[in-house]
$ cat model-v2.pdb   # PDB, C-alpha atoms
ATOM      1  CA  MET A 405      67.874  15.132  29.240
ATOM      2  CA  PRO A 406      64.384  13.697  28.668
ATOM      3  CA  ARG A 407      64.124  10.004  27.850
ATOM      4  CA  GLN A 408      63.874   9.330  24.125
ATOM      5  CA  GLU A 409      61.392   6.795  22.844
ATOM      6  CA  ARG A 410      62.069   3.606  20.967
ATOM      7  CA  PRO A 411      60.400   3.290  17.580
ATOM      8  CA  GLY A 412      57.029   1.558  17.620
ATOM      9  CA  SER A 413      54.041   1.658  19.946
ATOM     10  CA  ASP A 414      53.654   1.117  23.683
ATOM     11  CA  GLY A 415      51.600  -1.972  22.874
ATOM     12  CA  GLU A 416      54.264  -3.625  20.747
ATOM     13  CA  HIS A 417      56.898  -2.902  23.400
ATOM     14  CA  LEU A 418      54.743  -4.595  26.042
ATOM     15  CA  VAL A 419      54.180  -7.657  23.838
ATOM     16  CA  GLN A 420      57.931  -7.812  23.133
ATOM     17  CA  GLN A 421      58.559  -7.911  26.884
ATOM     18  CA  ARG A 422      55.973 -10.649  27.400
ATOM     19  CA  LEU A 423      57.282 -12.786  24.513
ATOM     20  CA  GLY A 424      60.970 -12.153  25.075
ATOM     21  CA  THR A 425      61.611 -10.530  21.680
ATOM     22  CA  THR A 426      62.868  -7.146  22.861
ATOM     23  CA  GLN A 427      66.471  -7.827  21.855
ATOM     24  CA  ARG A 428      65.489  -8.925  18.347
ATOM     25  CA  ALA A 429      63.182  -5.921  18.027
ATOM     26  CA  ASP A 430      65.944  -3.551  19.108
ATOM     27  CA  ARG A 431      68.227  -5.014  16.461
ATOM     28  CA  PHE A 432      65.569  -4.379  13.822
ATOM     29  CA  TYR A 433      64.917  -0.860  15.100
ATOM     30  CA  ALA A 434      68.631  -0.065  15.008
ATOM     31  CA  ASP A 435      69.337  -1.618  11.610
ATOM     32  CA  GLN A 436      66.248  -0.747   9.630
ATOM     33  CA  VAL A 437      63.937   1.920  11.109
ATOM     34  CA  LEU A 438      64.676   5.428   9.833
ATOM     35  CA  ASP A 439      62.878   8.725  10.443
ATOM     36  CA  HIS A 440      63.389   9.752   6.793
ATOM     37  CA  LEU A 441      63.688   8.258   3.314
ATOM     38  CA  ASN A 442      67.274   7.563   2.364
ATOM     39  CA  ALA A 443      68.425   7.644  -1.268
ATOM     40  CA  ARG A 444      67.519   4.015  -1.982
ATOM     41  CA  MET A 445      64.096   4.394  -0.450
ATOM     42  CA  GLN A 446      63.418   7.528  -2.520
ATOM     43  CA  GLU A 447      64.341   5.710  -5.720
ATOM     44  CA  PHE A 448      62.129   2.778  -4.708
ATOM     45  CA  VAL A 449      59.132   5.019  -3.989
ATOM     46  CA  ALA A 450      59.522   6.980  -7.232
ATOM     47  CA  ARG A 451      59.070   3.876  -9.430
ATOM     48  CA  GLN A 452      56.091   2.336  -7.636
ATOM     49  CA  GLU A 453      52.780   1.917  -9.471
ATOM     50  CA  MET A 454      50.721   1.036  -6.405
ATOM     51  CA  PHE A 455      50.625   1.059  -2.629
ATOM     52  CA  PHE A 456      48.353   0.030   0.215
ATOM     53  CA  LEU A 457      47.022   2.726   2.526
ATOM     54  CA  ALA A 458      45.833   2.404   6.141
ATOM     55  CA  THR A 459      43.948   5.152   7.992
ATOM     56  CA  ALA A 460      41.696   5.406  11.050
ATOM     57  CA  ASP A 461      39.160   7.948  12.237
ATOM     58  CA  ARG A 462      39.236   9.703  15.610
ATOM     59  CA  HIS A 463      37.533   6.717  17.269
ATOM     60  CA  GLY A 464      40.130   4.229  15.976
ATOM     61  CA  GLU A 465      37.822   2.700  13.347
ATOM     62  CA  CYS A 466      40.192   1.520  10.609
ATOM     63  CA  ASP A 467      40.136   1.481   6.830
ATOM     64  CA  SER A 468      42.592  -0.071   4.395
ATOM     65  CA  THR A 469      42.618   0.620   0.692
ATOM     66  CA  PHE A 470      44.660   0.438  -2.495
ATOM     67  CA  ARG A 471      46.083   3.223  -4.627
ATOM     68  CA  ALA A 472      47.529   2.871  -8.127
ATOM     69  CA  GLY A 473      48.818   5.037 -10.936
ATOM     70  CA  PRO A 474      51.698   5.373 -13.384
ATOM     71  CA  PRO A 475      55.239   5.301 -11.969
ATOM     72  CA  GLY A 476      55.795   8.584 -10.155
ATOM     73  CA  PHE A 477      52.177   9.113  -9.106
ATOM     74  CA  LEU A 478      53.492   8.833  -5.533
ATOM     75  CA  GLN A 479      55.692  11.908  -5.448
ATOM     76  CA  VAL A 480      58.916  12.189  -3.455
ATOM     77  CA  LEU A 481      59.114  15.835  -2.349
ATOM     78  CA  GLY A 482      62.115  15.326  -0.101
ATOM     79  CA  GLU A 483      63.612  12.892   2.355
ATOM     80  CA  ARG A 484      60.808  13.595   4.836
ATOM     81  CA  THR A 485      57.859  14.339   2.553
ATOM     82  CA  LEU A 486      55.703  12.321   0.136
ATOM     83  CA  ALA A 487      52.546  13.274  -1.726
ATOM     84  CA  TYR A 488      49.931  11.307  -3.625
ATOM     85  CA  PRO A 489      46.848  12.390  -5.606
ATOM     86  CA  GLU A 490      43.249  11.606  -4.734
ATOM     87  CA  TYR A 491      41.196  10.941  -7.860
ATOM     88  CA  ARG A 492      37.453  10.883  -8.419
ATOM     89  CA  GLY A 493      36.179   7.612  -6.976
ATOM     90  CA  ASN A 494      32.910   6.296  -5.576
ATOM     91  CA  GLY A 495      32.301   9.496  -3.640
ATOM     92  CA  VAL A 496      32.751   7.907  -0.218
ATOM     93  CA  MET A 497      36.122   9.620   0.480
ATOM     94  CA  ALA A 498      36.830   7.231   3.369
ATOM     95  CA  SER A 499      40.593   7.798   3.546
ATOM     96  CA  VAL A 500      40.441  11.584   3.241
ATOM     97  CA  GLY A 501      37.593  11.639   5.759
ATOM     98  CA  ASN A 502      39.665   9.657   8.236
ATOM     99  CA  ILE A 503      42.671  11.919   7.705
ATOM    100  CA  SER A 504      40.503  14.958   8.399
ATOM    101  CA  GLU A 505      39.837  13.489  11.867
ATOM    102  CA  ASN A 506      43.112  11.657  12.500
ATOM    103  CA  PRO A 507      46.230  12.587  10.504
ATOM    104  CA  ARG A 508      48.100   9.346  11.213
ATOM    105  CA  LEU A 509      48.458   6.947   8.298
ATOM    106  CA  GLY A 510      50.534   4.018   7.078
ATOM    107  CA  LEU A 511      51.686   3.242   3.543
ATOM    108  CA  LEU A 512      52.932  -0.139   2.366
ATOM    109  CA  MET A 513      54.661  -0.392  -1.011
ATOM    110  CA  ILE A 514      55.543  -3.838  -2.364
ATOM    111  CA  ASP A 515      57.614  -4.574  -5.439
ATOM    112  CA  PHE A 516      56.267  -7.946  -6.602
ATOM    113  CA  THR A 517      57.994  -8.020  -9.990
ATOM    114  CA  ARG A 518      61.558  -6.715  -9.758
ATOM    115  CA  ASP A 519      63.256  -6.728  -6.363
ATOM    116  CA  ARG A 520      60.534  -8.565  -4.407
ATOM    117  CA  ILE A 521      60.803  -6.318  -1.383
ATOM    118  CA  GLY A 522      58.546  -3.910   0.508
ATOM    119  CA  LEU A 523      58.750  -0.554   2.242
ATOM    120  CA  HIS A 524      56.612   0.729   5.118
ATOM    121  CA  VAL A 525      56.148   4.465   5.623
ATOM    122  CA  ASN A 526      54.265   5.797   8.648
ATOM    123  CA  GLY A 527      53.613   9.445   9.299
ATOM    124  CA  ARG A 528      51.262  12.391   9.511
ATOM    125  CA  ALA A 529      49.105  13.516   6.592
ATOM    126  CA  ARG A 530      47.606  16.776   5.384
ATOM    127  CA  VAL A 531      44.990  17.220   2.644
ATOM    128  CA  VAL A 532      45.781  19.896   0.032
ATOM    129  CA  MET A 533      43.622  21.171  -2.840
ATOM    130  CA  ASP A 534      45.026  20.474  -6.315
ATOM    131  CA  GLU A 535      45.437  24.152  -7.242
ATOM    132  CA  GLU A 536      47.266  24.881  -3.988
ATOM    133  CA  MET A 537      49.556  21.892  -4.530
ATOM    134  CA  ARG A 538      50.412  22.911  -8.093
ATOM    135  CA  ALA A 539      51.106  26.487  -7.066
ATOM    136  CA  GLU A 540      53.781  25.184  -4.715
ATOM    137  CA  HIS A 541      54.985  22.334  -6.964
ATOM    138  CA  PRO A 542      54.341  23.379 -10.602
ATOM    139  CA  TYR A 543      56.237  20.390 -12.029
ATOM    140  CA  LEU A 544      53.595  17.873 -10.888
ATOM    141  CA  PRO A 545      52.270  15.812 -13.839
ATOM    142  CA  VAL A 546      48.789  16.395 -15.253
ATOM    143  CA  ASP A 547      47.012  13.223 -16.367
ATOM    144  CA  PRO A 548      45.110  13.679 -19.658
ATOM    145  CA  ILE A 549      42.343  11.272 -18.602
ATOM    146  CA  PRO A 550      39.563  13.146 -16.737
ATOM    147  CA  GLY A 551      39.024  10.338 -14.232
ATOM    148  CA  ARG A 552      42.728  10.412 -13.401
ATOM    149  CA  ARG A 553      43.025  14.130 -12.716
ATOM    150  CA  ALA A 554      43.749  14.856  -9.078
ATOM    151  CA  GLN A 555      41.057  16.629  -7.104
ATOM    152  CA  LEU A 556      43.072  16.648  -3.895
ATOM    153  CA  TRP A 557      46.557  15.727  -2.759
ATOM    154  CA  VAL A 558      47.647  14.120   0.467
ATOM    155  CA  THR A 559      51.081  15.117   1.731
ATOM    156  CA  VAL A 560      52.790  12.781   4.180
ATOM    157  CA  GLU A 561      55.346  13.875   6.765
ATOM    158  CA  VAL A 562      57.533  10.782   7.173
ATOM    159  CA  GLU A 563      58.066   9.636  10.761
ATOM    160  CA  GLU A 564      59.088   6.004  10.236
ATOM    161  CA  ALA A 565      60.405   4.179   7.167
ATOM    162  CA  TYR A 566      61.464   0.545   7.235
ATOM    163  CA  ILE A 567      61.766  -2.602   5.153
ATOM    164  CA  HIS A 568      59.120  -5.286   4.648
ATOM    165  CA  CYS A 569      61.104  -8.496   4.275
ATOM    166  CA  ALA A 570      61.168 -10.495   1.066
ATOM    167  CA  LYS A 571      60.697 -14.032   2.340
ATOM    168  CA  HIS A 572      56.895 -14.221   1.971
ATOM    169  CA  ILE A 573      56.423 -11.852  -0.993
ATOM    170  CA  PRO A 574      55.406 -13.779  -4.139
ATOM    171  CA  HIS A 575      57.348 -13.117  -7.315
ATOM    172  CA  LEU A 576      54.865 -11.980  -9.971
ATOM    173  CA  GLN A 577      55.228 -11.142 -13.642
ATOM    174  CA  LYS A 578      53.408  -8.440 -15.552
ATOM    175  CA  VAL A 579      51.103  -9.635 -18.318
ATOM    176  CA  PRO A 580      52.002  -8.015 -21.646
ATOM    177  CA  ALA A 581      49.678  -5.142 -22.538
ATOM    178  CA  GLN A 582      48.354  -6.896 -25.654
ATOM    179  CA  GLN A 583      47.165  -9.795 -23.495
ATOM    180  CA  ARG A 584      45.571  -7.879 -20.636
ATOM    181  CA  GLY A 585      43.920  -5.132 -22.693
ATOM    182  CA  ALA A 586      43.676  -1.496 -21.743
ATOM    183  CA  ARG A 587      42.947  -0.686 -18.111
ATOM    184  CA  ALA A 588      39.797   1.353 -17.610
ATOM    185  CA  TRP A 589      41.474   4.340 -15.911
ATOM    186  CA  GLY A 590      38.905   6.712 -14.474
ATOM    187  CA  THR A 591      35.889   4.975 -15.997
ATOM    188  CA  ASP A 592      32.370   5.342 -14.613
ATOM    189  CA  ASP A 593      31.145   2.285 -16.511
ATOM    190  CA  PHE A 594      29.497   0.009 -13.920
ATOM    191  CA  LYS A 595      30.599  -3.257 -15.528
ATOM    192  CA  ARG A 596      34.164  -2.124 -16.247
ATOM    193  CA  LYS A 597      34.507  -1.113 -12.594
ATOM    194  CA  GLY A 598      33.585  -4.657 -11.518
ATOM    195  CA  GLY A 599      29.806  -4.506 -11.426
ATOM    196  CA  ASP A 600      28.143  -6.223  -8.472
ATOM    197  CA  TYR A 601      30.951  -8.810  -8.223
ATOM    198  CA  PHE A 602      30.211  -9.754  -4.598
ATOM    199  CA  GLY A 603      26.434  -9.609  -4.930
ATOM    200  CA  ALA A 604      25.973  -6.885  -2.310
ATOM    201  CA  ALA A 605      23.628  -4.817  -4.459
ATOM    202  CA  ALA A 606      21.497  -7.882  -5.210
ATOM    203  CA  GLU A 607      20.990  -8.399  -1.474
ATOM    204  CA  ALA A 608      20.208  -4.760  -0.735
ATOM    205  CA  GLY A 609      16.474  -5.281  -0.445
ATOM    206  CA  GLU A 610      16.827  -8.257   1.884
ATOM    207  CA  ARG A 611      19.319  -7.116   4.502
ATOM    208  CA  GLN A 612      18.812  -4.979   7.568
ATOM    209  CA  PRO A 613      19.914  -1.339   7.445
ATOM    210  CA  PHE A 614      23.611  -0.875   8.113
ATOM    211  CA  ARG A 615      24.346   0.051  11.718
ATOM    212  CA  ARG A 616      27.579   0.685  13.511
ATOM    213  CA  THR A 617      27.956  -0.625  17.029
ATOM    214  CA  GLU A 618      27.749   1.694  20.018
ATOM    215  CA  ARG A 619      31.410   0.989  20.719
ATOM    216  CA  LYS A 620      32.523   4.209  19.034
ATOM    217  CA  ASP A 621      30.671   6.340  21.532
ATOM    218  CA  GLU A 622      31.953   4.213  24.405
ATOM    219  CA  LEU A 623      35.560   4.602  23.277
ATOM    220  CA  LEU A 624      35.123   8.336  22.760
ATOM    221  CA  ARG A 625      33.849   8.649  26.335
ATOM    222  CA  GLY A 626      36.809   6.613  27.575
ATOM    223  CA  GLY A 627      34.499   3.799  28.597
ATOM    224  CA  PRO A 628      35.520   0.227  29.419
ATOM    225  CA  HIS A 629      36.990  -2.154  26.881
ATOM    226  CA  GLU A 630      34.954  -5.125  25.819
ATOM    227  CA  HIS A 631      35.255  -7.855  28.460
ATOM    228  CA  SER A 632      37.277  -5.433  30.562
ATOM    229  CA  GLU A 633      36.427  -7.387  33.690
ATOM    230  CA  ASP A 634      38.584 -10.213  32.301
ATOM    231  CA  LEU A 635      41.586  -8.035  31.548
ATOM    232  CA  PRO A 636      44.429  -7.312  33.945
ATOM    233  CA  HIS A 637      45.331  -3.696  34.494
ATOM    234  CA  ARG A 638      48.941  -3.252  33.466
ATOM    235  CA  THR A 639      51.343  -0.392  33.448
ATOM    236  CA  PRO A 640      54.248  -0.977  31.053
ATOM    237  CA  ALA A 641      57.686  -0.754  32.565
ATOM    238  CA  PRO A 642      59.564   2.437  31.667
ATOM    239  CA  ALA A 643      61.755   1.815  28.657
ATOM    240  CA  ALA A 644      65.330   2.955  28.835
ATOM    241  CA  ALA A 645      66.612   4.945  25.900
ATOM    242  CA  SER A 646      67.628   2.452  23.213
ATOM    243  CA  ARG A 647      70.832   3.048  21.367
ATOM    244  CA  ASP A 648      72.101   2.232  17.913
ATOM    245  CA  PRO A 649      74.653  -0.565  18.450
ATOM    246  CA  ARG A 650      76.854   0.841  15.685
ATOM    247  CA  SER A 651      76.955   4.537  16.547
ATOM    248  CA  GLY A 652      75.868   4.504  20.191
ATOM    249  CA  ALA A 653      73.424   7.334  19.444
ATOM    250  CA  ALA A 654      70.011   7.262  21.070
ATOM    251  CA  TYR A 655      67.066   6.676  18.764
ATOM    252  CA  ARG A 656      65.444   9.841  17.528
ATOM    253  CA  ALA A 657      62.315  10.613  19.517
ATOM    254  CA  ARG A 658      59.121  10.360  17.501
ATOM    255  CA  PRO A 659      56.279  12.802  18.253
ATOM    256  CA  ARG A 660      53.425  10.783  19.711
ATOM    257  CA  ASP A 661      49.947  11.272  20.954
ATOM    258  CA  ARG A 662      49.840  10.477  24.636
ATOM    259  CA  GLY A 663      47.047   9.030  26.704
ATOM    260  CA  ARG A 664      47.368   5.475  25.412
ATOM    261  CA  GLY A 665      47.554   3.873  28.822
ATOM    262  CA  ASP A 666      44.031   2.533  28.556
ATOM    263  CA  VAL A 667      44.888   0.849  25.273
ATOM    264  CA  VAL A 668      47.977  -0.802  26.748
ATOM    265  CA  GLU A 669      46.024  -1.939  29.795
ATOM    266  CA  GLY A 670      43.438  -3.449  27.486
ATOM    267  CA  LEU A 671      45.808  -6.009  25.980
ATOM    268  CA  ASN A 672      44.081  -9.342  26.322
ATOM    269  CA  ALA A 673      46.087 -11.511  28.715
ATOM    270  CA  GLU A 674      44.359 -14.680  27.569
ATOM    271  CA  PHE A 675      45.361 -13.966  23.970
ATOM    272  CA  LEU A 676      48.976 -13.300  24.964
ATOM    273  CA  ASP A 677      49.118 -16.519  26.991
ATOM    274  CA  ARG A 678      47.794 -18.427  23.976
ATOM    275  CA  VAL A 679      50.445 -16.842  21.774
ATOM    276  CA  GLU A 680      53.129 -17.828  24.273
ATOM    277  CA  ARG A 681      51.900 -21.437  24.296
ATOM    278  CA  VAL A 682      51.986 -21.568  20.502
ATOM    279  CA  LEU A 683      55.508 -20.119  20.450
ATOM    280  CA  ALA A 684      56.638 -22.637  23.062
ATOM    281  CA  ARG A 685      55.512 -25.482  20.770
ATOM    282  CA  ALA A 686      57.146 -23.968  17.700
ATOM    283  CA  GLN A 687      60.427 -25.334  16.394
ATOM    284  CA  PRO A 688      63.422 -23.151  17.302
ATOM    285  CA  ARG A 689      64.922 -21.159  14.465
ATOM    286  CA  ARG A 690      68.116 -22.456  12.924
ATOM    287  CA  PRO A 691      70.910 -19.919  13.354
ATOM    288  CA  ALA A 692      71.136 -19.348   9.593
ATOM    289  CA  GLU A 693      67.457 -18.430   9.407
ATOM    290  CA  ASP A 694      67.918 -15.755  12.033
ATOM    291  CA  GLU A 695      70.392 -13.866   9.872
ATOM    292  CA  PRO A 696      68.569 -11.193   7.832
ATOM    293  CA  GLU A 697      70.097 -11.866   4.404
ATOM    294  CA  PHE A 698      68.677  -8.609   3.080
ATOM    295  CA  ARG A 699      69.986  -6.454   5.930
ATOM    296  CA  GLY A 700      71.396  -3.272   4.470
ATOM    297  CA  TRP A 701      69.077  -3.004   1.434
ATOM    298  CA  PHE A 702      67.424   0.026   2.976
ATOM    299  CA  ASP A 703      70.011   0.757   5.644
ATOM    300  CA  ARG A 704      71.563   4.067   6.596
ATOM    301  CA  ARG A 705      74.285   3.789   3.986
ATOM    302  CA  ASP A 706      73.363   5.531   0.732
ATOM    303  CA  ASP A 707      76.230   4.100  -1.303
TER     304      ASP A 707
END
$ encode --input "model-v2.pdb" --output "structure tokens"
Amino acid sequence: MPRQERPGSDGEHLVQQRLGTTQRADRFYADQVLDHLNARMQEFVARQEMFFLATADRHGECDSTFRAGPPGFLQVLGERTLAYPEYRGNGVMASVGNISENPRLGLLMIDFTRDRIGLHVNGRARVVMDEEMRAEHPYLPVDPIPGRRAQLWVTVEVEEAYIHCAKHIPHLQKVPAQQRGARAWGTDDFKRKGGDYFGAAAEAGERQPFRRTERKDELLRGGPHEHSEDLPHRTPAPAAASRDPRSGAAYRARPRDRGRGDVVEGLNAEFLDRVERVLARAQPRRPAEDEPEFRGWFDRRDD
């Protein structure tokens, strides 16, 4: 039987080995990392009004952004499938452009006002035209505001779903509608969209033309990492199949793109040594702090 993979990346497994956190990581993987959305997760997703989205292009250049809409704008199509609409924006289409090159994405939903908890969803995405999406799912809502009508949809095949712990999430309160005023959904008004808040447009005539570094081409060719002469060449130790401590079942294998050895070898040893020195100076955890008080909120039990 082929070896099944642990959740997470080769890089995080190597860092866990270096920092001695493999046992704690395995406990988290076993208790909290699912390859689907259980009933509680589906209910949580269905009531969210916003989420944070991370994508990267084929070179690994990253983009993070924010999506918002009325509750239910992030659609739960099943325990392994989500979908969200892409509205008319500034025309850049950075996230959809990245997905067209690299289907991997990460979603982070945080409930700041009610349960003060978060949910990570990682998976593979596909871009679907609005008419095609509605032909397959005719019940999808239609927003009456032109700027909030979906042009495209992104469907997400869930590969990992896991909790984001509550301890550092601030507890916020919604401002009553009469105090905050109407939100400018879908507006093209320059000032209502924020104007030149950061002064970038005012500097446009003074700055040099925008240029990306040549690093993209180097990475695409499989060239050396920056300061590669200072980096040790490592090969991570083979990981034995991890098992759920409750059921004894091996973790479900996650489909992965291979060929990441160069990335693992490029981990900066000096950085890791610095991290280890900082951890050595840190105060040990008290036993009570090491107990995840919210364990089970998004666990495998759907009761």
$ closest_residue --input "model-v2.pdb" --among "A:Asn506, A:Leu556, A:Pro548, A:Thr517" --to "Gln577 (chain A)" --atoms "all atoms listed in the file"
A:Thr517
$ closest_residue --input "model-v2.pdb" --among "A:Ala472, A:Ile514, A:Ala434, A:Ile549" --to "Tyr488 (chain A)" --atoms "only C-alpha atoms"
A:Ala472
$ atom_distance --input "model-v2.pdb" --atom1 "CA of Pro411 (chain A)" --atom2 "CA of Leu441 (chain A)"
15.5 Å
$ atom_distance --input "model-v2.pdb" --atom1 "CA of His440 (chain A)" --atom2 "CA of Arg471 (chain A)"
21.7 Å
$ residues_near_point --input "model-v2.pdb" --point "(48.0, 13.1, 0.1)" --cutoff "7 Å" --atoms "only C-alpha atoms" --output "JSON, numbers by chain"
{"A": [487, 488, 489, 490, 529, 530, 531, 557, 558, 559, 560]}
$ closest_residue --input "model-v2.pdb" --among "A:Glu607, A:Glu564, A:Arg462, A:Phe602" --to "Gly412 (chain A)" --atoms "all atoms listed in the file"
A:Glu564
$ residues_around --input "model-v2.pdb" --residues "Asp519 (chain A)" --least-positions-apart "3" --cutoff "12 Å" --atoms "only C-alpha atoms" --output "PDB file with C-alpha atoms, in the coordinates of the input"
ATOM      1  CA  PHE A 448      62.129   2.778  -4.708  1.00  0.00           C
ATOM      2  CA  ARG A 451      59.070   3.876  -9.430  1.00  0.00           C
ATOM      3  CA  GLN A 452      56.091   2.336  -7.636  1.00  0.00           C
ATOM      4  CA  MET A 513      54.661  -0.392  -1.011  1.00  0.00           C
ATOM      5  CA  ILE A 514      55.543  -3.838  -2.364  1.00  0.00           C
ATOM      6  CA  ASP A 515      57.614  -4.574  -5.439  1.00  0.00           C
ATOM      7  CA  PHE A 516      56.267  -7.946  -6.602  1.00  0.00           C
ATOM      8  CA  GLY A 522      58.546  -3.910   0.508  1.00  0.00           C
ATOM      9  CA  LEU A 523      58.750  -0.554   2.242  1.00  0.00           C
ATOM     10  CA  HIS A 568      59.120  -5.286   4.648  1.00  0.00           C
ATOM     11  CA  CYS A 569      61.104  -8.496   4.275  1.00  0.00           C
ATOM     12  CA  ALA A 570      61.168 -10.495   1.066  1.00  0.00           C
ATOM     13  CA  LYS A 571      60.697 -14.032   2.340  1.00  0.00           C
ATOM     14  CA  ILE A 573      56.423 -11.852  -0.993  1.00  0.00           C
ATOM     15  CA  PRO A 574      55.406 -13.779  -4.139  1.00  0.00           C
ATOM     16  CA  HIS A 575      57.348 -13.117  -7.315  1.00  0.00           C
ATOM     17  CA  LEU A 576      54.865 -11.980  -9.971  1.00  0.00           C
ATOM     18  CA  GLN A 577      55.228 -11.142 -13.642  1.00  0.00           C
ATOM     19  CA  PHE A 698      68.677  -8.609   3.080  1.00  0.00           C
ATOM     20  CA  TRP A 701      69.077  -3.004   1.434  1.00  0.00           C
TER      21      TRP A 701
END
$ closest_residue --input "model-v2.pdb" --among "A:Arg410, A:Asn494, A:Arg611, A:Glu453" --to "Arg431 (chain A)" --atoms "only C-alpha atoms"
A:Arg410
$ residues_around --input "model-v2.pdb" --residues "region 495-499 of chain A" --least-positions-apart "4" --cutoff "9 Å" --atoms "all atoms listed in the file" --output "PyMOL selection string"
chain A and resi 457-461+467-469+503-504
$ atom_distance --input "model-v2.pdb" --atom1 "CA of Thr426 (chain A)" --atom2 "CA of Arg508 (chain A)"
25.0 Å
